[in-house]
$ cat target.cif   # mmCIF, C-alpha atoms
data_run
#
loop_
_atom_site.label_atom_id
_atom_site.label_comp_id
_atom_site.auth_asym_id
_atom_site.auth_seq_id
_atom_site.Cartn_x
_atom_site.Cartn_y
_atom_site.Cartn_z
CA MET A 1 100.36 86.22 78.79
CA ILE A 2 99.83 87.57 75.29
CA SER A 3 103.49 88.60 75.12
CA ILE A 4 104.60 85.15 76.30
CA MET A 5 102.38 83.45 73.71
CA ILE A 6 103.78 85.61 70.90
CA TYR A 7 107.32 84.93 72.10
CA LYS A 8 106.58 81.20 72.32
CA GLU A 9 105.20 80.98 68.78
CA ASN A 10 108.12 82.92 67.29
CA ARG A 11 110.57 80.81 69.30
CA TYR A 12 108.96 77.62 68.01
CA ALA A 13 108.98 78.88 64.40
CA SER A 14 112.68 79.74 64.63
CA VAL A 15 113.54 76.29 66.01
CA VAL A 16 111.45 74.45 63.40
CA LEU A 17 112.91 76.44 60.47
CA THR A 18 116.44 75.83 61.71
CA GLU A 19 115.69 72.12 61.99
CA ALA A 20 114.16 72.12 58.50
CA THR A 21 117.31 73.71 57.00
CA ASP A 22 119.52 71.18 58.77
CA PHE A 23 117.22 68.35 57.64
CA GLY A 24 117.44 69.45 54.00
CA GLN A 25 121.24 69.60 54.09
CA ARG A 26 121.40 66.17 55.74
CA ILE A 27 119.17 64.60 53.06
CA MET A 28 121.21 66.18 50.29
CA GLY A 29 124.39 64.73 51.80
CA ILE A 30 122.85 61.25 52.02
CA VAL A 31 121.50 61.47 48.47
CA ASP A 32 124.86 62.60 47.05
CA LEU A 33 126.60 59.72 48.83
CA ALA A 34 124.03 57.14 47.71
CA TYR A 35 124.13 58.30 44.08
CA ARG A 36 127.88 57.55 43.89
CA PHE A 37 127.16 53.85 44.48
CA PRO A 38 125.44 51.41 42.12
CA ALA A 39 121.68 51.21 42.35
CA ASN A 40 121.77 47.76 44.02
CA GLN A 41 123.90 49.14 46.90
CA ARG A 42 121.95 52.32 47.61
CA ASN A 43 119.48 50.59 49.95
CA ASP A 44 122.33 49.74 52.32
CA ILE A 45 123.54 53.34 52.28
CA LEU A 46 120.03 54.64 53.00
CA SER A 47 119.48 52.12 55.83
CA ALA A 48 122.76 53.13 57.45
CA ALA A 49 121.67 56.80 57.37
CA GLN A 50 118.58 56.24 59.52
CA THR A 51 118.44 57.99 62.93
CA GLN A 52 115.95 58.46 65.73
CA PHE A 53 114.19 61.21 63.79
CA LEU A 54 114.86 60.03 60.20
CA THR A 55 113.51 56.96 58.39
CA THR A 56 114.43 56.01 54.83
CA TYR A 57 112.66 53.85 52.27
CA PRO A 58 113.88 52.65 48.87
CA ASP A 59 110.47 53.23 47.27
CA ILE A 60 108.64 56.52 47.33
CA VAL A 61 105.43 57.13 49.25
CA PRO A 62 102.87 58.80 46.92
CA ILE A 63 102.37 62.42 47.94
CA LYS A 64 98.72 62.24 46.95
CA ALA A 65 98.12 59.63 49.66
CA VAL A 66 99.32 62.01 52.37
CA ALA A 67 97.29 64.92 53.78
CA CYS A 68 99.79 67.69 53.11
CA GLN A 69 99.27 71.23 54.38
CA GLN A 70 99.66 74.30 52.21
CA ASP A 71 99.70 77.18 54.70
CA GLY A 72 102.39 79.83 54.94
CA ALA A 73 104.42 78.10 57.65
CA SER A 74 104.39 74.77 55.78
CA SER A 75 105.49 76.50 52.58
CA GLU A 76 108.42 78.12 54.42
CA ILE A 77 109.49 74.74 55.84
CA SER A 78 109.31 73.21 52.33
CA ARG A 79 111.40 76.07 50.93
CA ARG A 80 114.09 75.54 53.59
CA ILE A 81 114.27 71.83 52.64
CA PHE A 82 114.37 72.60 48.90
CA GLN A 83 117.07 75.24 49.28
CA PRO A 84 120.11 72.85 49.44
CA PHE A 85 118.90 71.04 46.28
CA GLU A 86 118.95 74.22 44.20
CA THR A 87 122.52 73.35 43.28
CA ARG A 88 121.41 69.82 42.25
CA PRO A 89 118.90 70.36 39.43
CA SER A 90 119.29 66.72 38.31
CA TYR A 91 117.35 65.50 41.34
CA GLN A 92 113.58 65.65 41.36
CA VAL A 93 112.44 66.49 44.90
CA ASP A 94 108.87 66.37 46.31
CA VAL A 95 108.20 67.58 49.85
CA CYS A 96 105.09 67.10 51.97
CA VAL A 97 104.73 68.88 55.32
CA ARG A 98 102.11 68.20 57.98
CA ARG A 99 101.87 70.32 61.14
CA PHE A 100 100.43 69.18 64.45
CA GLY A 101 99.75 70.68 67.83
CA GLY A 102 98.78 74.17 68.95
CA VAL A 103 99.34 75.87 72.28
CA TRP A 104 99.99 72.68 74.23
CA PRO A 105 103.74 73.20 74.60
CA LEU A 106 103.03 76.70 75.89
CA LEU A 107 100.96 75.10 78.66
CA GLY A 108 103.76 72.75 79.62
CA GLN A 109 102.34 69.61 77.94
CA GLU A 110 104.77 67.86 75.64
CA GLN A 111 103.58 66.43 72.33
CA LYS A 112 105.48 63.71 70.45
CA LYS A 113 105.51 65.51 67.12
CA ARG A 114 104.48 68.86 65.73
CA VAL A 115 105.99 68.76 62.21
CA ASP A 116 105.90 65.58 60.11
CA ILE A 117 107.92 65.74 56.85
CA LEU A 118 107.99 63.38 53.84
CA VAL A 119 110.64 63.93 51.10
CA ASN A 120 110.60 61.88 47.87
CA ILE A 121 113.80 61.82 45.72
CA HIS A 122 113.98 60.78 42.06
CA PHE A 123 117.56 60.05 41.01
CA PRO A 124 118.68 60.86 37.45
CA ASP A 125 118.85 57.08 36.72
CA ASP A 126 115.14 56.68 37.59
CA GLU A 127 115.84 55.14 41.00
CA THR A 128 113.90 56.51 43.97
CA ALA A 129 114.23 57.02 47.73
CA SER A 130 111.88 58.36 50.39
CA PHE A 131 112.79 60.14 53.62
CA HIS A 132 110.44 60.59 56.54
CA ALA A 133 111.25 62.71 59.59
CA GLU A 134 109.62 64.15 62.67
CA LEU A 135 111.35 67.41 63.50
CA PRO A 136 112.08 67.75 67.23
CA GLU A 137 110.08 70.54 68.83
CA ALA A 138 111.34 73.29 71.09
CA ASN A 139 111.14 72.66 74.80
CA SER A 140 108.16 74.08 76.65
CA LEU A 141 108.71 77.64 77.76
CA PHE A 142 107.56 76.60 81.23
CA SER A 143 110.45 74.19 81.51
CA ASP A 144 112.91 77.10 81.35
CA ARG A 145 114.11 78.87 84.48
CA VAL A 146 113.13 82.18 82.95
CA ILE A 147 109.50 81.46 83.72
CA ILE A 148 110.27 81.48 87.46
CA TYR A 149 111.82 84.92 87.04
CA LEU A 150 108.76 86.11 85.10
CA VAL A 151 106.37 84.81 87.77
CA VAL A 152 108.33 86.44 90.60
CA VAL A 153 108.62 89.77 88.78
CA THR A 154 104.91 89.73 87.86
CA ALA A 155 103.88 88.96 91.44
CA LEU A 156 106.07 91.75 92.83
CA ALA A 157 104.75 94.18 90.21
CA LEU A 158 101.14 93.33 91.08
CA LEU A 159 101.77 93.73 94.81
CA LEU A 160 103.45 97.10 94.24
CA ALA A 161 100.64 98.24 91.94
CA TRP A 162 98.02 97.17 94.52
CA HIS A 163 99.85 99.07 97.27
CA LEU A 164 100.06 102.21 95.12
CA ILE A 165 96.40 101.96 94.12
CA LEU A 166 95.36 101.71 97.77
CA LYS A 167 97.43 104.81 98.60
CA LEU A 168 95.89 106.68 95.66
CA ILE A 169 92.28 105.88 96.55
CA ALA A 170 92.69 106.32 100.33
CA PRO A 171 91.95 110.11 100.18
CA ILE A 172 88.89 109.42 98.03
CA ASN A 173 87.62 106.93 100.62
CA ARG A 174 88.24 109.52 103.36
CA LEU A 175 86.25 112.12 101.42
CA ALA A 176 83.42 109.65 100.81
CA GLY A 177 83.27 108.77 104.50
CA ALA A 178 83.33 112.44 105.51
CA ALA A 179 80.57 113.29 103.02
CA GLU A 180 78.43 110.50 104.49
CA LYS A 181 79.04 111.77 108.02
CA ILE A 182 78.16 115.40 107.34
CA GLY A 183 75.04 114.17 105.57
CA VAL A 184 73.69 113.12 108.95
CA ASN A 185 75.68 115.37 111.28
CA LEU A 186 76.98 118.64 109.92
CA ASP A 187 78.98 119.36 113.07
CA VAL A 188 81.37 116.40 112.84
CA GLU A 189 85.08 117.05 113.14
CA SER A 190 86.83 118.48 110.08
CA LEU A 191 89.23 116.33 108.07
CA GLU A 192 92.95 116.57 108.73
CA GLU A 193 94.62 118.18 105.72
CA VAL A 194 97.51 115.80 105.09
CA GLY A 195 98.91 113.99 102.07
CA PRO A 196 100.06 115.08 98.60
CA ARG A 197 99.39 118.62 97.44
CA GLU A 198 96.36 117.67 95.34
CA THR A 199 94.86 115.75 98.26
CA ARG A 200 95.41 118.65 100.67
CA VAL A 201 93.73 121.05 98.23
CA ALA A 202 90.68 118.76 97.97
CA LEU A 203 90.49 118.28 101.75
CA ARG A 204 90.81 122.02 102.37
CA ALA A 205 87.98 122.74 99.90
CA PHE A 206 85.84 120.08 101.57
CA ASN A 207 86.43 121.54 105.03
CA GLU A 208 85.62 125.06 103.79
CA MET A 209 82.39 123.75 102.27
CA GLN A 210 81.47 122.15 105.61
CA VAL A 211 82.12 125.44 107.46
CA ARG A 212 79.95 127.37 105.00
CA LEU A 213 77.13 124.83 105.37
CA GLN A 214 77.38 125.01 109.16
CA ARG A 215 77.27 128.80 109.07
CA GLN A 216 74.25 128.80 106.77
CA LEU A 217 72.28 126.14 108.68
CA HIS A 218 73.01 127.55 112.12
CA GLY A 219 72.18 131.02 110.86
CA GLN A 220 68.79 129.82 109.65
CA THR A 221 68.15 128.02 112.95
CA GLU A 222 69.04 131.12 114.95
CA MET A 223 66.82 133.22 112.71
CA PHE A 224 63.86 130.88 113.25
CA ALA A 225 64.51 130.88 116.99
CA ALA A 226 64.56 134.69 117.06
CA ILE A 227 61.37 134.93 115.00
CA SER A 228 59.66 132.34 117.18
CA HIS A 229 60.69 134.21 120.34
CA ASP A 230 59.34 137.49 118.99
CA LEU A 231 56.12 135.80 117.90
CA LYS A 232 55.67 134.19 121.31
CA SER A 233 56.11 137.60 122.96
CA ALA A 234 53.57 139.12 120.59
CA VAL A 235 51.10 136.28 121.21
CA THR A 236 51.53 136.71 124.98
CA ARG A 237 50.69 140.43 124.70
CA LEU A 238 47.75 139.56 122.46
CA GLN A 239 46.55 137.06 125.09
CA LEU A 240 46.67 139.76 127.77
CA ARG A 241 44.67 142.18 125.63
CA CYS A 242 42.21 139.39 124.87
CA ASP A 243 41.64 138.78 128.57
CA LEU A 244 40.80 142.49 129.05
CA LEU A 245 37.94 142.38 126.56
CA HIS A 246 34.49 142.76 128.12
CA ASP A 247 32.57 141.28 125.21
CA GLU A 248 32.52 137.52 125.94
CA LYS A 249 31.78 136.52 122.33
CA GLU A 250 34.64 138.62 120.99
CA ARG A 251 36.93 137.34 123.76
CA GLU A 252 36.19 133.66 122.97
CA GLY A 253 36.75 134.18 119.26
CA LEU A 254 40.03 135.96 119.82
CA GLN A 255 41.17 133.29 122.32
CA ARG A 256 40.64 130.63 119.62
CA VAL A 257 42.83 132.67 117.28
CA VAL A 258 45.52 133.02 119.95
CA LYS A 259 45.38 129.27 120.64
CA ASP A 260 45.85 128.51 116.95
CA MET A 261 48.77 130.90 116.77
CA ARG A 262 50.43 129.28 119.80
CA PHE A 263 49.97 125.85 118.22
CA MET A 264 51.45 127.07 114.91
CA ILE A 265 54.47 128.65 116.60
CA ALA A 266 55.10 125.53 118.72
CA SER A 267 54.90 123.33 115.61
CA ILE A 268 57.37 125.48 113.71
CA ILE A 269 59.78 125.47 116.65
CA ASP A 270 59.50 121.68 116.87
CA PHE A 271 60.23 121.39 113.15
CA VAL A 272 63.28 123.64 113.37
CA ARG A 273 64.61 121.63 116.31
CA GLY A 274 64.04 118.36 114.44
CA ASP A 275 67.62 118.18 113.10
CA SER A 276 69.27 119.45 116.28
CA THR A 277 72.53 117.66 117.04
CA GLU A 278 72.97 118.98 120.58
CA GLU A 279 71.80 115.71 122.16
CA PRO A 280 74.72 113.31 122.72
CA ILE A 281 74.90 110.01 120.88
CA ARG A 282 74.52 106.93 123.07
CA ARG A 283 74.25 103.19 122.65
CA ILE A 284 70.80 102.09 123.79
CA SER A 285 68.51 99.09 123.70
CA LEU A 286 66.08 99.94 120.92
CA GLY A 287 63.59 97.37 122.21
CA ASP A 288 63.56 98.97 125.66
CA LEU A 289 63.06 102.42 124.12
CA LEU A 290 60.07 101.24 122.06
CA ALA A 291 58.55 99.27 124.92
CA SER A 292 58.87 102.24 127.28
CA LEU A 293 57.30 104.59 124.73
CA CYS A 294 54.40 102.27 123.97
CA GLU A 295 53.69 101.54 127.67
CA ASP A 296 53.66 105.28 128.43
CA LEU A 297 51.14 105.87 125.64
CA ILE A 298 49.03 102.89 126.73
CA GLU A 299 48.84 104.42 130.23
CA GLU A 300 47.49 107.55 128.52
CA SER A 301 44.71 105.38 126.99
CA VAL A 302 46.26 105.37 123.51
CA PRO A 303 45.21 102.12 121.71
CA ILE A 304 48.59 100.54 120.80
CA GLU A 305 49.85 97.01 120.36
CA TYR A 306 53.56 96.29 119.99
CA HIS A 307 56.09 93.52 119.45
CA VAL A 308 59.77 94.34 120.00
CA ASP A 309 63.14 92.60 120.29
CA GLN A 310 64.88 93.45 123.56
CA THR A 311 68.31 92.30 122.29
CA VAL A 312 68.76 94.99 119.61
CA HIS A 313 71.19 97.80 120.48
CA LEU A 314 71.74 100.94 118.43
CA TYR A 315 73.80 104.15 118.47
CA CYS A 316 71.41 107.11 118.31
CA ARG A 317 70.13 110.27 119.99
CA PRO A 318 67.52 108.55 122.20
CA MET A 319 65.20 111.49 122.89
CA SER A 320 65.13 112.59 119.25
CA LEU A 321 64.47 109.05 118.00
CA ARG A 322 61.75 108.52 120.63
CA ARG A 323 60.12 111.76 119.52
CA ALA A 324 60.17 110.70 115.85
CA ILE A 325 58.57 107.32 116.62
CA GLN A 326 55.97 108.96 118.87
CA ASN A 327 55.04 111.34 116.04
CA LEU A 328 54.47 108.36 113.75
CA ILE A 329 52.36 106.58 116.37
CA ASP A 330 50.35 109.77 117.05
CA ASN A 331 49.76 110.16 113.33
CA ALA A 332 48.45 106.59 113.06
CA CYS A 333 46.19 106.93 116.10
CA LYS A 334 44.86 110.32 114.99
CA HIS A 335 43.86 109.12 111.53
CA ALA A 336 42.98 105.47 112.21
CA GLY A 337 42.23 105.23 115.92
CA SER A 338 44.92 102.67 116.77
CA ALA A 339 48.44 101.54 115.88
CA TYR A 340 50.53 98.37 115.82
CA VAL A 341 54.32 98.69 116.33
CA GLU A 342 56.65 95.91 115.18
CA MET A 343 60.42 95.45 114.86
CA GLN A 344 62.16 93.48 112.09
CA VAL A 345 65.87 92.86 112.66
CA GLN A 346 68.07 92.47 109.56
CA ALA A 347 71.82 91.91 109.18
CA ALA A 348 72.55 95.55 108.28
CA GLY A 349 69.95 97.31 110.41
CA VAL A 350 66.51 97.25 111.99
CA PHE A 351 63.07 98.10 110.57
CA ILE A 352 60.35 99.59 112.77
CA ASN A 353 56.86 99.30 111.27
CA ILE A 354 53.97 101.44 112.55
CA ASP A 355 50.76 100.10 110.98
CA ASP A 356 47.23 101.43 111.14
CA GLN A 357 43.87 100.37 109.70
CA GLY A 358 42.83 103.77 108.37
CA PRO A 359 41.92 104.81 104.81
CA GLY A 360 45.56 105.27 103.82
CA VAL A 361 47.05 107.95 101.59
CA PRO A 362 46.73 108.28 97.78
CA GLU A 363 49.72 106.70 96.08
CA SER A 364 50.58 109.98 94.35
CA ARG A 365 50.84 111.78 97.72
CA LEU A 366 52.98 109.27 99.71
CA GLU A 367 56.15 111.29 99.11
CA ASP A 368 54.47 114.68 99.49
CA VAL A 369 53.18 114.09 103.03
CA LEU A 370 56.77 113.83 104.29
CA ARG A 371 57.33 117.46 103.36
CA PRO A 372 56.53 120.23 105.87
CA PHE A 373 53.09 121.91 105.85
CA VAL A 374 51.60 119.24 103.54
CA THR A 375 48.36 117.57 104.67
CA VAL A 376 45.90 115.20 103.02
CA ASP A 377 43.06 115.52 105.51
CA ALA A 378 40.48 115.16 102.77
CA SER A 379 41.75 111.65 102.07
CA ARG A 380 41.90 110.66 105.75
CA THR A 381 39.25 111.57 108.31
CA SER A 382 37.11 114.63 108.71
CA THR A 383 38.39 115.16 112.27
CA SER A 384 42.01 115.50 111.27
CA SER A 385 43.80 118.66 112.28
CA GLY A 386 47.31 119.99 112.31
CA MET A 387 49.85 121.86 110.22
CA GLY A 388 51.39 118.85 108.48
CA LEU A 389 54.62 118.95 110.46
CA GLY A 390 54.44 115.67 112.41
CA LEU A 391 55.68 113.43 109.61
CA ALA A 392 58.14 116.08 108.42
CA ILE A 393 59.70 116.31 111.90
CA ALA A 394 59.94 112.51 112.14
CA HIS A 395 61.48 112.36 108.66
CA LYS A 396 64.17 114.94 109.54
CA ILE A 397 65.10 113.14 112.77
CA ILE A 398 65.37 109.76 111.05
CA LEU A 399 67.48 111.21 108.23
CA SER A 400 69.79 112.77 110.81
CA HIS A 401 70.39 109.23 112.14
CA GLY A 402 71.39 107.93 108.72
CA GLY A 403 68.10 106.09 108.30
CA THR A 404 65.07 106.28 106.03
CA LEU A 405 61.31 106.70 106.41
CA ARG A 406 58.96 105.16 103.86
CA LEU A 407 55.18 105.27 103.69
CA THR A 408 53.22 102.52 101.91
CA ASN A 409 49.58 101.56 101.64
CA LYS A 410 48.96 98.00 102.85
CA PRO A 411 47.11 95.64 100.48
CA GLY A 412 44.41 94.91 103.09
CA GLY A 413 43.91 98.58 103.86
CA GLY A 414 45.68 101.01 106.12
CA LEU A 415 49.02 102.80 106.06
CA ARG A 416 52.46 101.52 107.04
CA ALA A 417 55.20 103.90 108.18
CA GLN A 418 58.46 101.97 107.93
CA LEU A 419 61.46 103.41 109.72
CA TYR A 420 64.92 101.96 109.00
CA CYS A 421 68.01 102.50 111.15
CA PRO A 422 71.34 100.98 110.03
CA PHE A 423 73.64 99.26 112.52
CA GLY A 424 76.66 100.68 110.69
CA ASN A 425 75.46 104.17 111.47
CA PRO A 426 78.04 106.85 110.56
CA LEU A 427 77.10 108.60 113.80
CA ARG A 428 79.15 105.92 115.56
CA SER A 429 82.33 107.55 114.37
#
$ encode --input "target.cif" --output "C-alpha cells"
Amino acid sequence: MISIMIYKENRYASVVLTEATDFGQRIMGIVDLAYRFPANQRNDILSAAQTQFLTTYPDIVPIKAVACQQDGASSEISRRIFQPFETRPSYQVDVCVRRFGGVWPLLGQEQKKRVDILVNIHFPDDETASFHAELPEANSLFSDRVIIYLVVVTALALLLAWHLILKLIAPINRLAGAAEKIGVNLDVESLEEVGPRETRVALRAFNEMQVRLQRQLHGQTEMFAAISHDLKSAVTRLQLRCDLLHDEKEREGLQRVVKDMRFMIASIIDFVRGDSTEEPIRRISLGDLLASLCEDLIEESVPIEYHVDQTVHLYCRPMSLRRAIQNLIDNACKHAGSAYVEMQVQAAGVFINIDDQGPGVPESRLEDVLRPFVTVDASRTSTSSGMGLGLAIAHKIILSHGGTLRLTNKPGGGLRAQLYCPFGNPLRS
C-alpha cells in the first residue's frame, strides 16, 4: 500500500506538471494572437479561446484577493507556466496556484478539481487579460486494470506465504506436542524422524533425550524397588528375631520399631509407584468413580459428604486417580475429622474440591507440603502422624494426568485441596 501511494503521488505530479506546461504554452499562444489585434477586438479573441477547462476575462483578478499557495509543488507548477513567457519579456505575468484534495483519488473517489490556476497578463500597451483554469486530474489508480492484477498477485503471494509458514512451523508444533506428552507420560511413542535435514536433526535429538530420560527414571525406579525388597527382607528377619525374645518389654518395644519400619518402607514404595504408567488409559465416568470412592469410605465410617456430576467423562488411569483422590480425602479426615467432595465442570476441564474444616496450613507452607517427607503437624492436630508422602503421592499422580493440585486456606477456616483435570488431556493421544 505504501508503494502504491508513492506511485500514485508521483503519477499525479507528473500529470499535473505536464498539464501546467501545456497550459502555459496555450496561454502564450492566445496572448500572442490577441496582441496582434487592436485593443477593442481582443475581448472577442479571448472569448473565442475559452474551453471546458479555461475561462478568460478582459480585466484582471487581483492576486491579493486569492488564497495562493507557496509550497514546493505550487512553485514548480508556476515555473512551468512561466517558462513559455521567458521569450516574451514584454509581457508582465502573475500566476496564482491553489491545490486541493489529498488521497481521495487513491481511494477511488473522484474530485472535481485538484489544481486551480489564475494567470494575469499585462500587455505592453497597458491592456490586461485574466485566465482561469482547473487542470484535469489523473484518473484514480483503482480505475485502471492494473489494480486487478495487483490484487490477484498479492492474494496469491499471501496464500503461498501462509502455506510455507504452516510447513515451516509444523515441526515446531510437533515438538511442542511431544514435549507436552512426555511431560505426563515419558513412555509415549517416539517421534517419526521425517522432513528437512534440520527438522530430522532436531527430532533425532528429541528422541535421544526421551530415551535418556526413560533410562534414568526407570533405573531409579528399579533401584528403589530393589532397595525396598532388601529392606522388606531385612525387616522380616528382624520380626522373626523379635518374636524369639523372652523379655516382653524389649519385645514390645522392638515390635513398635519394626512396625514403624514397615510403614516407612510401604510409604516409600507407594511414592515411587505414584508416577507408574503401567495402568492402561481408559475413558471413565468421573462422577461414578467419585461416588463409588465416597460410598466405600462412608461404609467404613469415614465422615464424608459429596456432590458429583454423573455426566462427566474423562480419559485417565482410573486406579491411580482414585488413589490420589482417596489420599486427599484421607488427609482431610485425618486432620479435620471430615471432608466434603465437590465437582465443578468447566469448558476446558473439571475441578474436584476436597474441603475440610480443620486449622488449615500456614500460607508460607502451602507449596512445601506437596513435596515428599514434608509435614506440618505442629500447625494441624497433635494426633497427626505419617511421613508426609500422602499429598506428594497425590500430586505426582495428578501431574502424570496433565492436571494440577492446589492447596488454599478457605476464608471461613479450613483447607481446600483443588484438583484439576483437563478434558484435552494429552494422554488421549
$ atom_distance --input "target.cif" --atom1 "atom CA of Val257 of chain A" --atom2 "atom CA of Val235 of chain A"
9.8 Å
$ resolve_selection --input "target.cif" --expression "the PyMOL selection byres ((chain A and resi 69-77) around 10)" --output "number ranges by chain"
A: 13, 16-21, 24, 66-68, 78-82, 95-99, 115, 117
$ residues_around --input "target.cif" --residues "segment 170-176 of chain A" --least-positions-apart "3" --cutoff "9 Å" --atoms "all atoms listed in the file" --output "count of residues only"
12
$ residues_around --input "target.cif" --residues "Val374 of chain A" --least-positions-apart "6" --cutoff "9 Å" --atoms "only C-alpha atoms" --output "mmCIF file with C-alpha atoms, in the coordinates of the input"
data_model
loop_
_atom_site.group_PDB
_atom_site.id
_atom_site.type_symbol
_atom_site.label_atom_id
_atom_site.label_comp_id
_atom_site.auth_asym_id
_atom_site.auth_seq_id
_atom_site.Cartn_x
_atom_site.Cartn_y
_atom_site.Cartn_z
ATOM 1 C CA ASP A 368 54.470 114.680 99.490
ATOM 2 C CA MET A 387 49.850 121.860 110.220
ATOM 3 C CA GLY A 388 51.390 118.850 108.480
ATOM 4 C CA LEU A 389 54.620 118.950 110.460
ATOM 5 C CA ALA A 392 58.140 116.080 108.420
#
$ axis_aligned_box --input "target.cif" --around "segment 7-20 of chain A" --padding-each-side "4 Å" --output "JSON"
{"center_x": 110.8, "center_y": 78.5, "center_z": 65.4, "size_x": 19.2, "size_y": 20.8, "size_z": 21.8}
$ atom_distance --input "target.cif" --atom1 "atom CA of Val308 of chain A" --atom2 "atom CA of Gln344 of chain A"
8.3 Å
$ closest_residue --input "target.cif" --among "A:Pro58, A:Gly337, A:Pro411, A:Pro318" --to "Glu127 of chain A" --atoms "only C-alpha atoms"
A:Pro58
$ residues_near_point --input "target.cif" --point "(57.9, 100.2, 123.2)" --cutoff "10 Å" --atoms "all atoms listed in the file" --output "PyMOL selection string"
chain A and resi 286-298+304-310+322+325-326+341-343
$ resolve_selection --input "target.cif" --expression "the PyMOL selection byres ((chain A and resi 55) around 9)" --output "PyMOL selection string"
chain A and resi 46-47+49-54+56-57+130-133
$ resolve_selection --input "target.cif" --expression "the PyMOL selection byres ((chain A and resi 355) around 6)" --output "PDB file with C-alpha atoms, in the coordinates of the input"
ATOM      1  CA  ALA A 339      48.440 101.540 115.880  1.00  0.00           C
ATOM      2  CA  TYR A 340      50.530  98.370 115.820  1.00  0.00           C
ATOM      3  CA  ILE A 354      53.970 101.440 112.550  1.00  0.00           C
ATOM      4  CA  ASP A 356      47.230 101.430 111.140  1.00  0.00           C
ATOM      5  CA  LEU A 415      49.020 102.800 106.060  1.00  0.00           C
ATOM      6  CA  ARG A 416      52.460 101.520 107.040  1.00  0.00           C
TER       7      ARG A 416
END
